[in-house]
Protein chains: 2
Amino acid sequence: MRIGELSQQTGVPIPTIKYYLREGLLPAGELTSPNQARYDDAHVRRLRLVRALVEVGGLSIAATREVLAQMNSCETPLASIGKAQFAIASRTEPHEDAAHADAVRQVDELIERRGWRVRPTNPARAALAEALAYLTRLGHEDALPMLERYAEAADALAVPELELTLSRKDLDGMAETAVTITVLGDALLGALRRMAQETEATRRLGQG
Amino acid sequence: MRIGELSQQTGVPIPTIKYYLREGLLPAGELTSPNQARYDDAHVRRLRLVRALVEVGGLSIAATREVLAQMNSCETPLASIGKAQFAIASRTEPHEDAAHADAVRQVDELIERRGWRVRPTNPARAALAEALAYLTRLGHEDALPMLERYAEAADALAVPELELTLSRKDLDGMAETAVTITVLGDALLGALRRMAQETEATRRLGQG
């Protein structure tokens, strides 16, 4: 198909597709003449994944390129899932105050308590510590016990999430599924939490 | 305190504080001379909230300003919690294809099935539909049954989250707690999911 049909099938405007091509998020099409290229179903699929990462996941172009590169560079499912996940993680520079030091300790204790196996390099450790540190800094220490409830939810979801990933027939499919579930899962949970919270608030506080 | 101490207490560089002041994210200090202002603990607290929204929540400056404005503009806890939540929601233009139409129907059915009370204007509906539509577009229809598991997790968490919010002694405190828990809760859950997923992957696939 030509770029116009690729645009029509995916709803992505042609200038945006050209931008993704220049940025290396989408492999070049097969040239059929000096200024015309042909695209196929793999392009449709890749373009949809890019849109999910950028639009739903809020990833930057650089982060998206990194995820795509990591996704297809591994020789075992575990490596593949891990690399893609690490690439998705956001990295912020922590403010290293007392709240941060406490939070790092709380993360270690949580991992130990739950018997989790999390590599020291997993960026989710730092992301969790930073969020916990802000709870303390903002005076919401009484929210910290809820951490266990969040962790239980994460544990319960990880089992079917991994089942789904491992059900794919090849490494590329597994990596893509892991990335998709991680990013779209964040969005699903975020939206569902807001709805459940509105429901609970309305139940408790009456008609809004 | 002067701006230097405000910077020291929060770890936010002075130029960034000045930028937030110009952008209206932080109320002006009390002028003590034509070019010197004094700040207090309310500034420390507000500055930390802004950082949590921007750094952990990934909100834009405009979105942060909107959240802060909505947070302190209500007369009942329900209105206050609702307005702040609505302001936090991300809004993307959906691609209105068949997958999107199906997804909108799935969201309505889910709300009905769970007996949730979600206003038609809650932007979480559109956010959920968009994430579900991408699952279908990427060929992961077999992930859709997991939606129920995610919804159960959201339901279970909403109860203690609301308890915590309602335990605050005034409207401003409730609104701030609702905003904080919504934004930091997304980050906590995201980080915990990645750790639980690594744990489960390592258990199932052996040492990485």
# chains A, B, ... in the order shown; residues from 1 in each chain; ligands from 1
call {"tool": "residues_around", "arguments": {"residues": "A:Met195", "least_positions_apart": "4", "cutoff": "8 Å", "atoms": "only C-alpha atoms", "output": "list in words"}}
result
Ala191 and Thr199 of chain A; Trp116, Arg117, Val118, Asn122, Ala124 and Arg125 of chain B
call {"tool": "interface_residues", "arguments": {"of": "chain A", "to": "chain B", "cutoff": "7 Å", "atoms": "only C-alpha atoms", "output": "number ranges by chain"}}
result
A: 11, 45, 48-49, 52, 56, 78-79, 82, 95, 116-118, 124, 127-128, 131, 134, 138, 150-151, 153-155, 158-159, 162, 184, 186-201, 205, 208
call {"tool": "atom_distance", "arguments": {"atom1": "atom CA of A:Glu75", "atom2": "atom CA of A:Gly173"}}
result
12.7 Å
call {"tool": "closest_residue", "arguments": {"among": "B:Arg2, B:Glu109, B:Val50, B:Gln8", "to": "B:Ser33", "atoms": "only C-alpha atoms"}}
result
B:Arg2
call {"tool": "select_by_dssp", "arguments": {"residues": "stretch 18-94 of chain A", "states": "strand (DSSP E)", "output": "list in words"}}
result
Glu30, Leu31, Thr32, Ser33, Gln36, Ala37 and Arg38 of chain A
call {"tool": "write_last_selection", "arguments": {"atoms": "all heavy atoms", "output": "short mmCIF file (atom, residue, chain, number, x, y, z; two decimals), in the first residue's frame"}}
result
data_model
loop_
_atom_site.label_atom_id
_atom_site.label_comp_id
_atom_site.auth_asym_id
_atom_site.auth_seq_id
_atom_site.Cartn_x
_atom_site.Cartn_y
_atom_site.Cartn_z
N GLU A 30 9.30 -0.06 0.90
CA GLU A 30 10.07 -0.54 -0.25
C GLU A 30 9.90 0.45 -1.39
O GLU A 30 8.78 0.73 -1.82
CB GLU A 30 9.53 -1.92 -0.65
CG GLU A 30 10.29 -2.61 -1.75
CD GLU A 30 9.45 -3.73 -2.39
OE1 GLU A 30 8.41 -4.09 -1.80
OE2 GLU A 30 9.83 -4.21 -3.46
N LEU A 31 11.02 1.00 -1.88
CA LEU A 31 10.93 2.01 -2.94
C LEU A 31 10.42 1.40 -4.24
O LEU A 31 10.95 0.41 -4.73
CB LEU A 31 12.30 2.66 -3.17
CG LEU A 31 12.73 3.77 -2.20
CD1 LEU A 31 14.04 4.38 -2.65
CD2 LEU A 31 11.64 4.85 -2.10
N THR A 32 9.38 2.00 -4.79
CA THR A 32 8.87 1.53 -6.08
C THR A 32 9.21 2.50 -7.19
O THR A 32 9.11 2.19 -8.37
CB THR A 32 7.33 1.37 -6.02
OG1 THR A 32 6.76 2.58 -5.53
CG2 THR A 32 6.95 0.23 -5.09
N SER A 33 9.57 3.72 -6.82
CA SER A 33 10.11 4.71 -7.76
C SER A 33 10.91 5.67 -6.91
O SER A 33 10.84 5.59 -5.67
CB SER A 33 8.96 5.42 -8.50
OG SER A 33 8.39 6.40 -7.67
N GLN A 36 8.50 7.25 -4.39
CA GLN A 36 7.31 6.56 -3.92
C GLN A 36 7.69 5.23 -3.27
O GLN A 36 8.55 4.51 -3.80
CB GLN A 36 6.36 6.29 -5.09
CG GLN A 36 4.94 6.11 -4.63
CD GLN A 36 3.97 6.41 -5.76
OE1 GLN A 36 3.90 5.67 -6.72
NE2 GLN A 36 3.25 7.51 -5.64
N ALA A 37 7.08 4.95 -2.12
CA ALA A 37 7.42 3.72 -1.41
C ALA A 37 6.16 2.92 -1.15
O ALA A 37 5.05 3.47 -1.12
CB ALA A 37 8.11 4.05 -0.09
N ARG A 38 6.36 1.63 -0.96
CA ARG A 38 5.24 0.73 -0.69
C ARG A 38 5.35 0.21 0.74
O ARG A 38 6.44 -0.14 1.20
CB ARG A 38 5.27 -0.43 -1.68
CG ARG A 38 4.06 -1.36 -1.57
CD ARG A 38 4.22 -2.56 -2.47
NE ARG A 38 4.15 -2.20 -3.88
CZ ARG A 38 4.84 -2.80 -4.86
NH1 ARG A 38 5.68 -3.79 -4.56
NH2 ARG A 38 4.71 -2.42 -6.12
#
call {"tool": "residues_around", "arguments": {"residues": "A:Val67", "least_positions_apart": "2", "cutoff": "7 Å", "atoms": "only C-alpha atoms", "output": "NGL selection string"}}
result
:A and (63-65 or 69-71 or 84 or 87-88)
call {"tool": "select_by_dssp", "arguments": {"residues": "stretch 96-164 of chain B", "states": "alpha helix (DSSP H)", "output": "ChimeraX atom specification"}}
result
/B:98-114,124-137,147-164
call {"tool": "write_last_selection", "arguments": {"atoms": "C-alpha atoms", "output": "PDB file, in the first residue's frame"}}
result
ATOM      1  CA  ALA B  98     -14.596   0.266  14.485  1.00  0.00           C
ATOM      2  CA  ALA B  99     -12.245  -0.647  17.361  1.00  0.00           C
ATOM      3  CA  HIS B 100     -13.066   2.689  19.023  1.00  0.00           C
ATOM      4  CA  ALA B 101     -16.832   2.200  18.658  1.00  0.00           C
ATOM      5  CA  ASP B 102     -16.531  -1.298  20.175  1.00  0.00           C
ATOM      6  CA  ALA B 103     -14.417   0.047  23.017  1.00  0.00           C
ATOM      7  CA  VAL B 104     -16.921   2.770  23.919  1.00  0.00           C
ATOM      8  CA  ARG B 105     -19.609   0.078  24.143  1.00  0.00           C
ATOM      9  CA  GLN B 106     -17.335  -2.130  26.304  1.00  0.00           C
ATOM     10  CA  VAL B 107     -16.797   0.768  28.716  1.00  0.00           C
ATOM     11  CA  ASP B 108     -20.558   1.332  29.059  1.00  0.00           C
ATOM     12  CA  GLU B 109     -21.102  -2.390  29.638  1.00  0.00           C
ATOM     13  CA  LEU B 110     -18.351  -2.566  32.246  1.00  0.00           C
ATOM     14  CA  ILE B 111     -19.805   0.369  34.191  1.00  0.00           C
ATOM     15  CA  GLU B 112     -23.272  -1.209  34.043  1.00  0.00           C
ATOM     16  CA  ARG B 113     -21.990  -4.670  35.017  1.00  0.00           C
ATOM     17  CA  ARG B 114     -20.075  -3.393  38.031  1.00  0.00           C
ATOM     18  CA  ALA B 124     -11.702   8.473  32.339  1.00  0.00           C
ATOM     19  CA  ARG B 125     -14.386   6.944  30.084  1.00  0.00           C
ATOM     20  CA  ALA B 126     -12.647   8.211  26.968  1.00  0.00           C
ATOM     21  CA  ALA B 127      -9.208   7.302  28.311  1.00  0.00           C
ATOM     22  CA  LEU B 128     -10.331   3.732  29.009  1.00  0.00           C
ATOM     23  CA  ALA B 129     -11.998   3.419  25.595  1.00  0.00           C
ATOM     24  CA  GLU B 130      -8.832   4.614  23.864  1.00  0.00           C
ATOM     25  CA  ALA B 131      -6.630   2.077  25.697  1.00  0.00           C
ATOM     26  CA  LEU B 132      -9.090  -0.748  24.956  1.00  0.00           C
ATOM     27  CA  ALA B 133      -9.291   0.258  21.295  1.00  0.00           C
ATOM     28  CA  TYR B 134      -5.493  -0.037  21.022  1.00  0.00           C
ATOM     29  CA  LEU B 135      -5.591  -3.546  22.520  1.00  0.00           C
ATOM     30  CA  THR B 136      -7.936  -4.555  19.696  1.00  0.00           C
ATOM     31  CA  ARG B 137      -6.054  -2.653  16.980  1.00  0.00           C
ATOM     32  CA  LEU B 147     -10.269  -5.881  32.076  1.00  0.00           C
ATOM     33  CA  GLU B 148     -12.405  -7.393  34.835  1.00  0.00           C
ATOM     34  CA  ARG B 149      -9.303  -8.128  36.932  1.00  0.00           C
ATOM     35  CA  TYR B 150      -8.052  -4.575  36.528  1.00  0.00           C
ATOM     36  CA  ALA B 151     -11.502  -3.256  37.473  1.00  0.00           C
ATOM     37  CA  GLU B 152     -11.574  -5.449  40.599  1.00  0.00           C
ATOM     38  CA  ALA B 153      -8.196  -4.042  41.636  1.00  0.00           C
ATOM     39  CA  ALA B 154      -9.423  -0.480  41.065  1.00  0.00           C
ATOM     40  CA  ASP B 155     -12.550  -1.172  43.126  1.00  0.00           C
ATOM     41  CA  ALA B 156     -10.583  -2.678  45.997  1.00  0.00           C
ATOM     42  CA  LEU B 157      -8.217   0.294  46.115  1.00  0.00           C
ATOM     43  CA  ALA B 158     -10.899   2.983  45.862  1.00  0.00           C
ATOM     44  CA  VAL B 159     -12.289   2.221  49.328  1.00  0.00           C
ATOM     45  CA  PRO B 160      -9.145   2.934  51.402  1.00  0.00           C
ATOM     46  CA  GLU B 161      -8.216   5.765  49.013  1.00  0.00           C
ATOM     47  CA  LEU B 162     -11.483   7.539  49.732  1.00  0.00           C
ATOM     48  CA  GLU B 163     -11.223   6.813  53.481  1.00  0.00           C
ATOM     49  CA  LEU B 164      -7.893   8.574  53.518  1.00  0.00           C
TER      50      LEU B 164
END
call {"tool": "atom_distance", "arguments": {"atom1": "atom CA of A:Ser167", "atom2": "atom CA of A:Ser80"}}
result
14.4 Å
call {"tool": "closest_residue", "arguments": {"among": "A:Gly29, A:Pro34, A:Leu6, A:Gly24", "to": "A:Leu68", "atoms": "only C-alpha atoms"}}
result
A:Gly24
